[in-house]
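query30.cif (mmCIF, C-alpha atoms; chains and numbers go by the auth columns)
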data_data
#
loop_
_atom_site.group_PDB
_atom_site.id
_atom_site.type_symbol
_atom_site.label_atom_id
_atom_site.label_comp_id
_atom_site.label_asym_id
_atom_site.label_seq_id
_atom_site.Cartn_x
_atom_site.Cartn_y
_atom_site.Cartn_z
_atom_site.B_iso_or_equiv
_atom_site.auth_seq_id
_atom_site.auth_asym_id
ATOM 1 C CA MET A 1 -12.040 -52.816 -30.213 0.00 25 A
ATOM 2 C CA THR A 2 -12.894 -55.461 -27.595 0.00 26 A
ATOM 3 C CA ALA A 3 -9.509 -57.133 -28.095 0.00 27 A
ATOM 4 C CA VAL A 4 -7.786 -53.846 -27.275 0.00 28 A
ATOM 5 C CA LEU A 5 -9.867 -53.374 -24.126 0.00 29 A
ATOM 6 C CA ALA A 6 -9.219 -56.941 -22.997 0.00 30 A
ATOM 7 C CA ALA A 7 -5.479 -56.455 -23.471 0.00 31 A
ATOM 8 C CA GLU A 8 -5.476 -53.204 -21.452 0.00 32 A
ATOM 9 C CA VAL A 9 -7.412 -54.573 -18.470 0.00 33 A
ATOM 10 C CA GLN A 10 -5.135 -56.473 -16.129 0.00 34 A
ATOM 11 C CA PRO A 11 -6.587 -59.130 -13.849 0.00 35 A
ATOM 12 C CA THR A 12 -7.223 -58.055 -10.274 0.00 36 A
ATOM 13 C CA THR A 13 -5.815 -60.277 -7.537 0.00 37 A
ATOM 14 C CA LEU A 14 -6.600 -60.176 -3.825 0.00 38 A
ATOM 15 C CA THR A 15 -3.762 -61.525 -1.678 0.00 39 A
ATOM 16 C CA LEU A 16 -4.428 -62.245 1.975 0.00 40 A
ATOM 17 C CA ALA A 17 -1.887 -62.751 4.766 0.00 41 A
ATOM 18 C CA ASP A 18 -1.527 -66.502 4.380 0.00 42 A
ATOM 19 C CA GLY A 19 -0.463 -66.131 0.737 0.00 43 A
ATOM 20 C CA LEU A 20 -3.887 -67.059 -0.577 0.00 44 A
ATOM 21 C CA GLN A 21 -4.441 -65.325 -3.919 0.00 45 A
ATOM 22 C CA ILE A 22 -7.949 -64.853 -5.242 0.00 46 A
ATOM 23 C CA ALA A 23 -8.710 -63.640 -8.764 0.00 47 A
ATOM 24 C CA VAL A 24 -11.457 -61.025 -8.473 0.00 48 A
ATOM 25 C CA GLU A 25 -13.739 -60.263 -11.413 0.00 49 A
ATOM 26 C CA THR A 26 -16.710 -58.457 -9.839 0.00 50 A
ATOM 27 C CA GLU A 27 -17.226 -56.118 -6.905 0.00 51 A
ATOM 28 C CA SER A 28 -19.565 -58.608 -5.229 0.00 52 A
ATOM 29 C CA ALA A 29 -16.860 -61.303 -5.513 0.00 53 A
ATOM 30 C CA LEU A 30 -14.401 -58.865 -3.926 0.00 54 A
ATOM 31 C CA GLN A 31 -16.728 -58.122 -1.010 0.00 55 A
ATOM 32 C CA ALA A 32 -17.275 -61.856 -0.482 0.00 56 A
ATOM 33 C CA ALA A 33 -13.510 -62.430 -0.447 0.00 57 A
ATOM 34 C CA LEU A 34 -13.063 -59.582 2.053 0.00 58 A
ATOM 35 C CA GLU A 35 -15.346 -61.317 4.569 0.00 59 A
ATOM 36 C CA GLY A 36 -12.190 -62.833 6.078 0.00 60 A
ATOM 37 C CA LEU A 37 -10.598 -59.475 6.964 0.00 61 A
ATOM 38 C CA PRO A 38 -11.746 -59.474 10.617 0.00 62 A
ATOM 39 C CA ARG A 39 -10.039 -62.842 11.132 0.00 63 A
ATOM 40 C CA LEU A 40 -6.594 -61.673 10.002 0.00 64 A
ATOM 41 C CA PRO A 41 -4.134 -61.440 12.908 0.00 65 A
ATOM 42 C CA SER A 42 -2.396 -58.197 13.820 0.00 66 A
ATOM 43 C CA GLY A 43 0.549 -57.378 11.558 0.00 67 A
ATOM 44 C CA GLN A 44 -0.888 -59.224 8.553 0.00 68 A
ATOM 45 C CA THR A 45 -1.765 -57.637 5.206 0.00 69 A
ATOM 46 C CA ALA A 46 -4.413 -57.743 2.515 0.00 70 A
ATOM 47 C CA LYS A 47 -3.510 -56.468 -0.954 0.00 71 A
ATOM 48 C CA LEU A 48 -5.636 -55.894 -4.035 0.00 72 A
ATOM 49 C CA ALA A 49 -3.445 -55.463 -7.102 0.00 73 A
ATOM 50 C CA ARG A 50 -3.610 -54.908 -10.848 0.00 74 A
ATOM 51 C CA GLY A 51 0.094 -55.335 -11.481 0.00 75 A
ATOM 52 C CA SER A 52 3.084 -54.322 -9.406 0.00 76 A
ATOM 53 C CA ARG A 53 2.429 -50.552 -9.612 0.00 77 A
ATOM 54 C CA HIS A 54 -1.334 -50.437 -9.219 0.00 78 A
ATOM 55 C CA TYR A 55 -2.525 -51.664 -5.847 0.00 79 A
ATOM 56 C CA ILE A 56 -4.131 -50.971 -2.492 0.00 80 A
ATOM 57 C CA GLU A 57 -2.723 -52.588 0.638 0.00 81 A
ATOM 58 C CA ALA A 58 -4.073 -52.766 4.190 0.00 82 A
ATOM 59 C CA VAL A 59 -2.027 -53.691 7.281 0.00 83 A
ATOM 60 C CA ARG A 60 -3.748 -54.760 10.484 0.00 84 A
ATOM 61 C CA HIS A 61 -2.735 -53.091 13.777 0.00 85 A
ATOM 62 C CA GLY A 62 -4.760 -54.771 16.524 0.00 86 A
ATOM 63 C CA ASP A 63 -8.426 -53.939 15.809 0.00 87 A
ATOM 64 C CA LEU A 64 -7.530 -51.111 13.406 0.00 88 A
ATOM 65 C CA TRP A 65 -5.882 -50.819 9.984 0.00 89 A
ATOM 66 C CA SER A 66 -3.566 -48.646 7.924 0.00 90 A
ATOM 67 C CA VAL A 67 -4.101 -48.447 4.155 0.00 91 A
ATOM 68 C CA THR A 68 -1.821 -47.306 1.329 0.00 92 A
ATOM 69 C CA THR A 69 -2.460 -47.142 -2.384 0.00 93 A
ATOM 70 C CA ARG A 70 -0.315 -46.724 -5.460 0.00 94 A
ATOM 71 C CA ARG A 71 -1.423 -45.914 -8.990 0.00 95 A
ATOM 72 C CA GLY A 72 1.606 -45.784 -11.221 0.00 96 A
ATOM 73 C CA SER A 73 4.967 -44.326 -10.253 0.00 97 A
ATOM 74 C CA TYR A 74 6.423 -44.236 -6.764 0.00 98 A
ATOM 75 C CA PHE A 75 5.242 -40.635 -6.407 0.00 99 A
ATOM 76 C CA THR A 76 1.604 -41.761 -6.480 0.00 100 A
ATOM 77 C CA LEU A 77 2.012 -43.731 -3.221 0.00 101 A
ATOM 78 C CA ALA A 78 -0.498 -42.379 -0.693 0.00 102 A
ATOM 79 C CA SER A 79 -1.921 -43.412 2.661 0.00 103 A
ATOM 80 C CA PHE A 80 -5.358 -42.791 4.109 0.00 104 A
ATOM 81 C CA THR A 81 -6.323 -41.201 7.407 0.00 105 A
ATOM 82 C CA ALA A 82 -9.341 -41.799 9.614 0.00 106 A
ATOM 83 C CA GLU A 83 -9.184 -38.211 10.834 0.00 107 A
ATOM 84 C CA MET A 84 -12.225 -36.119 9.893 0.00 108 A
ATOM 85 C CA THR A 85 -14.422 -39.219 9.534 0.00 109 A
ATOM 86 C CA THR A 86 -17.548 -39.883 11.575 0.00 110 A
ATOM 87 C CA ASP A 87 -16.392 -43.383 12.511 0.00 111 A
ATOM 88 C CA TYR A 88 -13.131 -42.066 13.981 0.00 112 A
ATOM 89 C CA SER A 89 -14.821 -39.180 15.843 0.00 113 A
ATOM 90 C CA ASP A 90 -17.480 -41.458 17.343 0.00 114 A
ATOM 91 C CA ARG A 91 -14.822 -43.925 18.505 0.00 115 A
ATOM 92 C CA GLN A 92 -12.786 -41.124 20.137 0.00 116 A
ATOM 93 C CA VAL A 93 -15.808 -39.770 22.008 0.00 117 A
ATOM 94 C CA LYS A 94 -16.865 -43.215 23.265 0.00 118 A
ATOM 95 C CA GLU A 95 -13.325 -43.996 24.434 0.00 119 A
ATOM 96 C CA GLY A 96 -13.129 -40.624 26.171 0.00 120 A
ATOM 97 C CA TYR A 97 -16.343 -41.201 28.106 0.00 121 A
ATOM 98 C CA ALA A 98 -15.303 -44.742 29.047 0.00 122 A
ATOM 99 C CA THR A 99 -11.916 -43.575 30.334 0.00 123 A
ATOM 100 C CA GLY A 100 -13.154 -41.493 33.240 0.00 124 A
ATOM 101 C CA SER A 101 -10.672 -39.132 34.908 0.00 125 A
ATOM 102 C CA ILE A 102 -8.836 -36.342 33.127 0.00 126 A
ATOM 103 C CA TRP A 103 -5.450 -38.013 33.764 0.00 127 A
ATOM 104 C CA ARG A 104 -6.585 -41.223 32.139 0.00 128 A
ATOM 105 C CA ARG A 105 -7.872 -39.223 29.184 0.00 129 A
ATOM 106 C CA VAL A 106 -4.480 -37.522 28.798 0.00 130 A
ATOM 107 C CA LYS A 107 -2.719 -40.895 28.980 0.00 131 A
ATOM 108 C CA GLN A 108 -5.143 -42.334 26.423 0.00 132 A
ATOM 109 C CA PHE A 109 -4.572 -39.353 24.127 0.00 133 A
ATOM 110 C CA ILE A 110 -0.803 -39.879 24.245 0.00 134 A
ATOM 111 C CA LEU A 111 -1.046 -43.638 23.614 0.00 135 A
ATOM 112 C CA ARG A 112 -3.746 -43.396 20.933 0.00 136 A
ATOM 113 C CA PRO A 113 -2.709 -44.683 17.482 0.00 137 A
ATOM 114 C CA SER A 114 -2.239 -42.086 14.785 0.00 138 A
ATOM 115 C CA PRO A 115 -5.237 -41.480 12.485 0.00 139 A
ATOM 116 C CA GLU A 116 -3.268 -43.148 9.656 0.00 140 A
ATOM 117 C CA ARG A 117 -3.333 -46.391 11.671 0.00 141 A
ATOM 118 C CA ALA A 118 -6.928 -46.089 12.878 0.00 142 A
ATOM 119 C CA LEU A 119 -9.144 -47.216 9.995 0.00 143 A
ATOM 120 C CA SER A 120 -11.948 -49.654 10.790 0.00 144 A
ATOM 121 C CA THR A 121 -12.517 -52.911 8.918 0.00 145 A
ATOM 122 C CA ALA A 122 -15.630 -51.415 7.298 0.00 146 A
ATOM 123 C CA GLN A 123 -13.572 -48.461 6.015 0.00 147 A
ATOM 124 C CA VAL A 124 -10.972 -50.862 4.579 0.00 148 A
ATOM 125 C CA ARG A 125 -13.689 -52.781 2.738 0.00 149 A
ATOM 126 C CA THR A 126 -15.066 -49.503 1.357 0.00 150 A
ATOM 127 C CA LEU A 127 -11.627 -48.395 0.125 0.00 151 A
ATOM 128 C CA PHE A 128 -10.963 -51.748 -1.539 0.00 152 A
ATOM 129 C CA GLY A 129 -14.350 -51.565 -3.301 0.00 153 A
ATOM 130 C CA GLU A 130 -13.695 -48.013 -4.499 0.00 154 A
ATOM 131 C CA PHE A 131 -10.240 -48.991 -5.775 0.00 155 A
ATOM 132 C CA PHE A 132 -11.657 -52.002 -7.622 0.00 156 A
ATOM 133 C CA ALA A 133 -14.434 -49.971 -9.252 0.00 157 A
ATOM 134 C CA GLY A 134 -12.124 -47.057 -10.086 0.00 158 A
ATOM 135 C CA ARG A 135 -14.227 -44.601 -8.081 0.00 159 A
ATOM 136 C CA LYS A 136 -12.947 -41.589 -6.188 0.00 160 A
ATOM 137 C CA PHE A 137 -11.950 -42.516 -2.620 0.00 161 A
ATOM 138 C CA SER A 138 -14.424 -41.460 0.065 0.00 162 A
ATOM 139 C CA LEU A 139 -11.815 -41.227 2.852 0.00 163 A
ATOM 140 C CA PRO A 140 -9.211 -38.466 3.027 0.00 164 A
ATOM 141 C CA LYS A 141 -5.610 -39.182 2.147 0.00 165 A
ATOM 142 C CA SER A 142 -2.872 -38.246 4.597 0.00 166 A
ATOM 143 C CA GLY A 143 -1.550 -34.768 4.113 0.00 167 A
ATOM 144 C CA ALA A 144 -4.353 -33.853 1.735 0.00 168 A
#
As C-alpha cells - that is how I would like this structure written.
Amino acid sequence: MTAVLAAEVQPTTLTLADGLQIAVETESALQAALEGLPRLPSGQTAKLARGSRHYIEAVRHGDLWSVTTRRGSYFTLASFTAEMTTDYSDRQVKEGYATGSIWRRVKQFILRPSPERALSTAQVRTLFGEFFAGRKFSLPKSGA
C-alpha cells in the first residue's frame, strides 16, 4: 500500500525567476523558500509544480502579482482575482484618500491594474500554501 502511495505522489518543485529549483517536502519548507518572493524583480515568475500539468504560477507586476493554476487538462487553467478581498478593498480606499481631487481619482481609476494583476505577496504565499496542501483556495478565481 505504501509503495502505491509513494508512486502516485510526485515531487513538488518550486522554481524561482533565476532558474533556482527547490524540492519542497513540507509546507514549512515551502514558506521558508517563499521568503524570497518580495525580492523578485517585476516580470519574473515563481512556479510550484507537481509535473507539467499540475502547478501554480505567480508573475510579478511591480509591487503586485497575478497568479494562475492548472490541475490537469488545459481546461482546468484558472487565474485568481483580488476583487472582493479585504486586502484589495483596503488598498483601494487608502489610494483614493491619498490621491486628493476627484480628477486625480478618476485618472487613478483608469490607470489602476486589473484585479487579476493586483494580488499582494502575502496572498501569493497563501495560495501557494493552499495548493501545496491540497486545500480549497481562499481567494476567488476570475470569472467565478
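Put simply, atom CA of A:Phe152 is 13.5 Å away from atom CA of A:Gly60.
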Next item on the list: For the structure shown, which residues end up in the PyMOL selection byres ((chain A and resi 62) around 10)? Put them as a list in words, please?
Entry: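 Expected selection for the PyMOL selection byres ((chain A and resi 62) around 10) here is Leu58, Glu59, Gly60, Leu61, Arg63, Leu64, Pro65, Ser66, Arg84, Asp87, Leu88, Ser144, Thr145 and Ala146 of chain A.
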Checklist line | Nearby residues (all atoms listed in the file) at most 8 Å from A:Thr92, same-chain spacing under 6 positions excluded, as a list in words | finding: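 Those residues are Ile80, Glu81, Ala82, Leu101, Ala102, Ser103 and Phe104 of chain A.
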Those residues with C-alpha atoms, as a PDB file, in the frame of the given file please?
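Everything below was put into part.pdb:
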ATOM      1  CA  ILE A  80      -4.131 -50.971  -2.492  1.00  0.00           C
ATOM      2  CA  GLU A  81      -2.723 -52.588   0.638  1.00  0.00           C
ATOM      3  CA  ALA A  82      -4.073 -52.766   4.190  1.00  0.00           C
ATOM      4  CA  LEU A 101       2.012 -43.731  -3.221  1.00  0.00           C
ATOM      5  CA  ALA A 102      -0.498 -42.379  -0.693  1.00  0.00           C
ATOM      6  CA  SER A 103      -1.921 -43.412   2.661  1.00  0.00           C
ATOM      7  CA  PHE A 104      -5.358 -42.791   4.109  1.00  0.00           C
TER       8      PHE A 104
END
Check: Which residue, A:Ala70, A:Ala157, A:Val117, A:Ala106, has the smallest gap to A:Arg129 when you use all atoms listed in the file?
Finding: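 So, comparing all the options, the nearest one is A:Val117.
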Box dimensions and centre (Å, one decimal) enclosing stretch 72-91 of chain A, axis-aligned, 5 Å extra per side, as AutoDock Vina command-line options:
--center_x -2.7 --center_y -52.2 --center_z 2.5 --size_x 21.5 --size_y 17.4 --size_z 38.0
Margin query: To test your reading of the syntax: which residues would the PyMOL selection byres ((chain A and resi 107) around 12) return for the file shown? Reply as an MDAnalysis selection string.
Written below: chainID A and resid 104:106 108:116 137:144 163:168
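Minimum atom-to-atom distances from A:Leu151, A:Ala122, A:Leu54, A:Val83 to A:Gly67 were compared using all atoms listed in the file, and the lowest value belongs to A:Val83.
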Item checked: Top pick for closest residue to A:Leu38, considering A:Leu135, A:Phe155, A:Phe99, A:Glu119 and counting all atoms listed in the file ->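 Of all the options, A:Phe155 lies closest to A:Leu38.
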